[in-house]
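Below is one structure, written out as C-alpha coordinates; the observations come after it.
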Amino acid sequence: VLAFFGGFIVDRITGIRMGALIFCLLITSGQMMFALGISTRSYWLAFCGRWVFGLGGESLTVAQNSMTVRWFDGKKLALAFGLVVAFARIGSSVNFAVTPKMAHSSM
(Lines give C-alpha, C1' and ligand atoms only; values in the text may rest on other atoms or scores of the structure.)
Protein backbone atom coordinates (compact mmCIF):
# COMPACT_ATOMS: atom_id res chain seq x y z
CA VAL A 1 0.00 0.00 0.00
CA LEU A 2 2.80 2.43 0.85
CA ALA A 3 4.47 1.82 -2.51
CA PHE A 4 1.27 3.01 -4.22
CA PHE A 5 1.28 6.27 -2.26
CA GLY A 6 5.03 6.64 -2.78
CA GLY A 7 4.56 6.28 -6.53
CA PHE A 8 1.77 8.86 -6.49
CA ILE A 9 3.95 11.29 -4.53
CA VAL A 10 6.93 10.79 -6.87
CA ASP A 11 4.86 11.03 -10.07
CA ARG A 12 2.43 13.80 -9.22
CA ILE A 13 3.79 15.93 -6.40
CA THR A 14 7.55 15.99 -5.80
CA GLY A 15 9.35 14.39 -8.71
CA ILE A 16 11.99 11.70 -8.43
CA ARG A 17 14.85 13.65 -6.86
CA MET A 18 12.86 15.51 -4.24
CA GLY A 19 10.79 12.41 -3.46
CA ALA A 20 13.91 10.31 -2.96
CA LEU A 21 15.37 13.00 -0.69
CA ILE A 22 12.18 13.17 1.40
CA PHE A 23 12.00 9.39 1.70
CA CYS A 24 15.69 9.22 2.68
CA LEU A 25 15.07 11.83 5.37
CA LEU A 26 12.13 9.79 6.68
CA ILE A 27 14.31 6.69 6.85
CA THR A 28 17.15 8.53 8.57
CA SER A 29 14.94 10.28 11.11
CA GLY A 30 13.05 7.07 11.82
CA GLN A 31 16.27 5.17 12.44
CA MET A 32 17.54 7.94 14.72
CA MET A 33 14.27 7.85 16.68
CA PHE A 34 14.53 4.07 16.95
CA ALA A 35 18.15 4.18 18.17
CA LEU A 36 17.32 6.86 20.72
CA GLY A 37 14.29 4.91 21.90
CA ILE A 38 16.32 1.74 22.39
CA SER A 39 19.21 3.49 24.13
CA THR A 40 16.84 5.26 26.55
CA ARG A 41 14.57 2.21 26.89
CA SER A 42 11.65 4.26 25.61
CA TYR A 43 9.86 1.62 23.63
CA TRP A 44 7.07 3.90 22.40
CA LEU A 45 9.76 6.10 20.80
CA ALA A 46 11.37 3.02 19.23
CA PHE A 47 7.98 1.96 17.87
CA CYS A 48 7.34 5.43 16.42
CA GLY A 49 10.82 5.40 14.90
CA ARG A 50 10.13 2.13 13.11
CA TRP A 51 6.83 3.53 11.89
CA VAL A 52 8.54 6.62 10.41
CA PHE A 53 11.26 4.40 8.94
CA GLY A 54 8.61 2.27 7.26
CA LEU A 55 6.94 5.30 5.71
CA GLY A 56 10.12 6.09 3.82
CA GLY A 57 11.42 2.59 3.07
CA GLU A 58 9.00 1.23 0.51
CA SER A 59 8.47 4.61 -1.05
CA LEU A 60 12.21 5.04 -1.54
CA THR A 61 12.24 1.78 -3.47
CA VAL A 62 9.71 3.26 -5.89
CA ALA A 63 11.89 6.35 -6.38
CA GLN A 64 15.00 4.18 -6.86
CA ASN A 65 13.26 2.11 -9.51
CA SER A 66 12.14 5.29 -11.29
CA MET A 67 15.74 6.53 -11.34
CA THR A 68 16.97 3.19 -12.66
CA VAL A 69 14.42 3.24 -15.50
CA ARG A 70 15.52 6.76 -16.52
CA TRP A 71 19.25 5.96 -16.47
CA PHE A 72 19.28 2.58 -18.22
CA ASP A 73 17.57 1.08 -21.24
CA GLY A 74 17.31 -2.26 -23.05
CA LYS A 75 19.53 -5.06 -21.81
CA LYS A 76 21.34 -2.71 -19.45
CA LEU A 77 18.07 -2.10 -17.61
CA ALA A 78 17.71 -5.78 -16.70
CA LEU A 79 21.29 -5.85 -15.38
CA ALA A 80 20.70 -2.65 -13.41
CA PHE A 81 17.56 -4.04 -11.76
CA GLY A 82 19.39 -7.28 -11.02
CA LEU A 83 22.19 -5.39 -9.30
CA VAL A 84 19.74 -3.30 -7.29
CA VAL A 85 17.94 -6.40 -6.02
CA ALA A 86 21.20 -8.28 -5.40
CA PHE A 87 22.71 -5.51 -3.29
CA ALA A 88 19.50 -5.16 -1.30
CA ARG A 89 19.60 -8.88 -0.49
CA ILE A 90 23.31 -8.77 0.34
CA GLY A 91 22.66 -5.87 2.72
CA SER A 92 19.90 -7.81 4.45
CA SER A 93 22.11 -10.87 4.79
CA VAL A 94 24.99 -8.87 6.26
CA ASN A 95 22.57 -7.22 8.67
CA PHE A 96 21.25 -10.58 9.89
CA ALA A 97 24.81 -11.84 10.39
CA VAL A 98 26.33 -8.77 12.05
CA THR A 99 23.53 -7.33 14.21
CA PRO A 100 23.27 -10.22 16.70
CA LYS A 101 27.04 -10.18 17.21
CA MET A 102 26.95 -6.45 17.85
CA ALA A 103 24.07 -6.84 20.29
CA HIS A 104 25.84 -9.58 22.26
CA SER A 105 29.11 -7.67 22.40
CA SER A 106 27.45 -4.57 23.88
CA MET A 107 25.82 -6.41 26.80
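Here's how to read the names in the C-alpha coordinates: chain A, B, ... by the order shown, residue numbers from 1 in each chain, ligand numbers from 1 in the order shown.
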
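Within 8 Å of stretch 62-75 of chain A there are A:Ala3, A:Gly6, A:Gly7, A:Val10, A:Ile16, A:Arg17, A:Gly19, A:Ala20, A:Ala80, A:Phe81, counting only C-alpha atoms and ignoring same-chain residues fewer than 5 positions away.
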
Can I get the selected residues back with all heavy atoms, as a JSON list (two decimals), in the first residue's frame?
```json
[["chain", "number", "residue", "atom", "x", "y", "z"],
["A", 3, "ALA", "N", 3.81, 1.63, -1.21],
["A", 3, "ALA", "CA", 4.47, 1.82, -2.51],
["A", 3, "ALA", "C", 3.54, 2.56, -3.47],
["A", 3, "ALA", "O", 3.99, 3.38, -4.28],
["A", 3, "ALA", "CB", 4.87, 0.47, -3.09],
["A", 6, "GLY", "N", 3.72, 6.14, -2.41],
["A", 6, "GLY", "CA", 5.03, 6.64, -2.78],
["A", 6, "GLY", "C", 5.13, 6.93, -4.27],
["A", 6, "GLY", "O", 5.69, 7.94, -4.68],
["A", 7, "GLY", "N", 4.57, 6.05, -5.09],
["A", 7, "GLY", "CA", 4.56, 6.28, -6.53],
["A", 7, "GLY", "C", 3.74, 7.50, -6.90],
["A", 7, "GLY", "O", 4.13, 8.29, -7.77],
["A", 10, "VAL", "N", 5.81, 10.58, -5.94],
["A", 10, "VAL", "CA", 6.93, 10.79, -6.87],
["A", 10, "VAL", "C", 6.43, 11.28, -8.22],
["A", 10, "VAL", "O", 6.99, 12.19, -8.81],
["A", 10, "VAL", "CB", 7.77, 9.51, -7.01],
["A", 10, "VAL", "CG1", 8.72, 9.59, -8.17],
["A", 10, "VAL", "CG2", 8.54, 9.25, -5.73],
["A", 16, "ILE", "N", 11.15, 12.80, -8.90],
["A", 16, "ILE", "CA", 11.99, 11.70, -8.43],
["A", 16, "ILE", "C", 13.03, 12.17, -7.43],
["A", 16, "ILE", "O", 13.18, 11.60, -6.35],
["A", 16, "ILE", "CB", 12.67, 10.99, -9.62],
["A", 16, "ILE", "CG1", 11.62, 10.36, -10.52],
["A", 16, "ILE", "CG2", 13.63, 9.92, -9.13],
["A", 16, "ILE", "CD1", 12.17, 9.78, -11.80],
["A", 17, "ARG", "N", 13.76, 13.22, -7.75],
["A", 17, "ARG", "CA", 14.85, 13.65, -6.86],
["A", 17, "ARG", "C", 14.35, 14.12, -5.51],
["A", 17, "ARG", "O", 14.86, 13.70, -4.46],
["A", 17, "ARG", "CB", 15.64, 14.78, -7.51],
["A", 17, "ARG", "CG", 16.52, 14.33, -8.63],
["A", 17, "ARG", "CD", 17.32, 15.48, -9.16],
["A", 17, "ARG", "NE", 18.06, 15.06, -10.33],
["A", 17, "ARG", "CZ", 18.76, 15.88, -11.07],
["A", 17, "ARG", "NH1", 18.82, 17.16, -10.78],
["A", 17, "ARG", "NH2", 19.41, 15.42, -12.11],
["A", 19, "GLY", "N", 11.43, 13.53, -4.14],
["A", 19, "GLY", "CA", 10.79, 12.41, -3.46],
["A", 19, "GLY", "C", 11.80, 11.50, -2.81],
["A", 19, "GLY", "O", 11.63, 11.08, -1.65],
["A", 20, "ALA", "N", 12.87, 11.18, -3.53],
["A", 20, "ALA", "CA", 13.91, 10.31, -2.96],
["A", 20, "ALA", "C", 14.56, 10.98, -1.75],
["A", 20, "ALA", "O", 14.83, 10.31, -0.74],
["A", 20, "ALA", "CB", 14.97, 9.99, -4.01],
["A", 80, "ALA", "N", 20.79, -3.66, -14.48],
["A", 80, "ALA", "CA", 20.70, -2.65, -13.41],
["A", 80, "ALA", "C", 19.71, -3.09, -12.34],
["A", 80, "ALA", "O", 19.99, -3.00, -11.14],
["A", 80, "ALA", "CB", 20.30, -1.31, -14.00],
["A", 81, "PHE", "N", 18.53, -3.57, -12.74],
["A", 81, "PHE", "CA", 17.56, -4.04, -11.76],
["A", 81, "PHE", "C", 18.10, -5.25, -11.01],
["A", 81, "PHE", "O", 17.87, -5.39, -9.80],
["A", 81, "PHE", "CB", 16.22, -4.38, -12.42],
["A", 81, "PHE", "CG", 15.31, -3.20, -12.54],
["A", 81, "PHE", "CD1", 14.80, -2.84, -13.78],
["A", 81, "PHE", "CD2", 14.94, -2.47, -11.43],
["A", 81, "PHE", "CE1", 13.96, -1.76, -13.90],
["A", 81, "PHE", "CE2", 14.08, -1.39, -11.55],
["A", 81, "PHE", "CZ", 13.59, -1.03, -12.78]]
```

With a distance cut-off of 12 Å and only C-alpha atoms, select the neighbouring residues of A:Thr28, excluding the residue or stretch itself and same-chain residues fewer than 6 positions from it, and output the selection as a CSV table (one decimal) with all heavy atoms, in the first residue's frame.
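Below you can see part.csv, which holds the result:
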```csv
chain,number,residue,atom,x,y,z
A,21,LEU,N,14.8,12.3,-1.8
A,21,LEU,CA,15.4,13.0,-0.7
A,21,LEU,C,14.4,13.0,0.5
A,21,LEU,O,14.9,12.7,1.6
A,21,LEU,CB,15.7,14.4,-1.1
A,21,LEU,CG,16.3,15.3,0.0
A,21,LEU,CD1,17.6,14.8,0.4
A,21,LEU,CD2,16.4,16.8,-0.5
A,22,ILE,N,13.2,13.2,0.3
A,22,ILE,CA,12.2,13.2,1.4
A,22,ILE,C,12.1,11.8,2.0
A,22,ILE,O,12.1,11.6,3.2
A,22,ILE,CB,10.8,13.6,0.9
A,22,ILE,CG1,10.8,15.1,0.6
A,22,ILE,CG2,9.7,13.3,1.9
A,22,ILE,CD1,9.6,15.6,-0.2
A,34,PHE,N,14.5,5.4,16.5
A,34,PHE,CA,14.5,4.1,17.0
A,34,PHE,C,15.7,3.9,17.8
A,34,PHE,O,15.6,3.3,18.9
A,34,PHE,CB,14.6,3.1,15.8
A,34,PHE,CG,14.7,1.7,16.2
A,34,PHE,CD1,13.6,1.0,16.7
A,34,PHE,CD2,15.9,1.0,16.1
A,34,PHE,CE1,13.7,-0.3,17.1
A,34,PHE,CE2,16.0,-0.3,16.5
A,34,PHE,CZ,14.9,-1.0,17.0
A,35,ALA,N,16.9,4.3,17.4
A,35,ALA,CA,18.1,4.2,18.2
A,35,ALA,C,18.0,4.9,19.5
A,35,ALA,O,18.5,4.4,20.5
A,35,ALA,CB,19.3,4.7,17.4
A,49,GLY,N,9.7,5.3,15.8
A,49,GLY,CA,10.8,5.4,14.9
A,49,GLY,C,10.7,4.4,13.8
A,49,GLY,O,11.0,4.7,12.6
A,50,ARG,N,10.3,3.2,14.1
A,50,ARG,CA,10.1,2.1,13.1
A,50,ARG,C,9.0,2.5,12.2
A,50,ARG,O,9.0,2.2,11.0
A,50,ARG,CB,9.9,0.8,13.8
A,50,ARG,CG,11.1,0.1,14.2
A,50,ARG,CD,12.0,-0.2,13.0
A,50,ARG,NE,13.3,-0.7,13.4
A,50,ARG,CZ,14.4,-0.6,12.8
A,50,ARG,NH1,14.4,0.0,11.6
A,50,ARG,NH2,15.5,-1.1,13.2
A,51,TRP,N,8.0,3.1,12.7
A,51,TRP,CA,6.8,3.5,11.9
A,51,TRP,C,7.3,4.6,10.9
A,51,TRP,O,6.9,4.5,9.7
A,51,TRP,CB,5.7,4.1,12.8
A,51,TRP,CG,4.5,4.4,12.1
A,51,TRP,CD1,3.5,3.5,11.7
A,51,TRP,CD2,4.0,5.7,11.7
A,51,TRP,NE1,2.5,4.1,11.0
A,51,TRP,CE2,2.8,5.5,11.1
A,51,TRP,CE3,4.5,6.9,11.9
A,51,TRP,CZ2,2.0,6.6,10.6
A,51,TRP,CZ3,3.7,8.0,11.4
A,51,TRP,CH2,2.5,7.8,10.7
A,52,VAL,N,8.0,5.6,11.3
A,52,VAL,CA,8.5,6.6,10.4
A,52,VAL,C,9.5,6.0,9.4
A,52,VAL,O,9.4,6.3,8.2
A,52,VAL,CB,9.2,7.8,11.2
A,52,VAL,CG1,9.9,8.7,10.3
A,52,VAL,CG2,8.2,8.5,12.1
A,53,PHE,N,10.3,5.1,9.8
A,53,PHE,CA,11.3,4.4,8.9
A,53,PHE,C,10.5,3.7,7.8
A,53,PHE,O,10.8,3.7,6.7
A,53,PHE,CB,12.1,3.4,9.7
A,53,PHE,CG,13.1,2.7,9.0
A,53,PHE,CD1,14.4,3.1,8.9
A,53,PHE,CD2,12.8,1.5,8.3
A,53,PHE,CE1,15.4,2.5,8.2
A,53,PHE,CE2,13.8,0.8,7.5
A,53,PHE,CZ,15.1,1.3,7.5
A,54,GLY,N,9.4,3.0,8.2
A,54,GLY,CA,8.6,2.3,7.3
A,54,GLY,C,7.9,3.2,6.3
A,54,GLY,O,7.7,2.8,5.1
A,55,LEU,N,7.6,4.4,6.7
A,55,LEU,CA,6.9,5.3,5.7
A,55,LEU,C,7.9,5.6,4.6
A,55,LEU,O,7.5,5.8,3.4
A,55,LEU,CB,6.5,6.6,6.4
A,55,LEU,CG,5.3,6.5,7.3
A,55,LEU,CD1,5.1,7.9,8.0
A,55,LEU,CD2,4.1,6.2,6.6
A,56,GLY,N,9.2,5.7,4.9
A,56,GLY,CA,10.1,6.1,3.8
A,56,GLY,C,10.7,4.9,3.0
A,56,GLY,O,11.0,5.0,1.9
A,57,GLY,N,10.7,3.7,3.7
A,57,GLY,CA,11.4,2.6,3.1
A,57,GLY,C,10.9,2.1,1.8
A,57,GLY,O,11.6,2.1,0.7
A,60,LEU,N,10.9,4.8,-1.0
A,60,LEU,CA,12.2,5.0,-1.5
A,60,LEU,C,12.5,4.0,-2.6
A,60,LEU,O,13.1,4.3,-3.6
A,60,LEU,CB,13.3,5.0,-0.5
A,60,LEU,CG,14.7,5.3,-1.0
A,60,LEU,CD1,14.8,6.6,-1.6
A,60,LEU,CD2,15.7,5.1,0.2
```

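Note that atom CA of A:Ile13 and atom CA of A:Thr61 are 16.7 Å apart.
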
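Between atom CA of A:Val1 and atom CA of A:Gly15 there is a distance of 19.2 Å.
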
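Going from atom CA of A:Gly30 to atom CA of A:Asp11 covers 23.7 Å.
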
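For the choices A:Ser29, A:Ser105, A:Thr40, A:Ser59, the atom-to-atom distance to A:Phe5 is smallest for A:Ser59 when using only C-alpha atoms.
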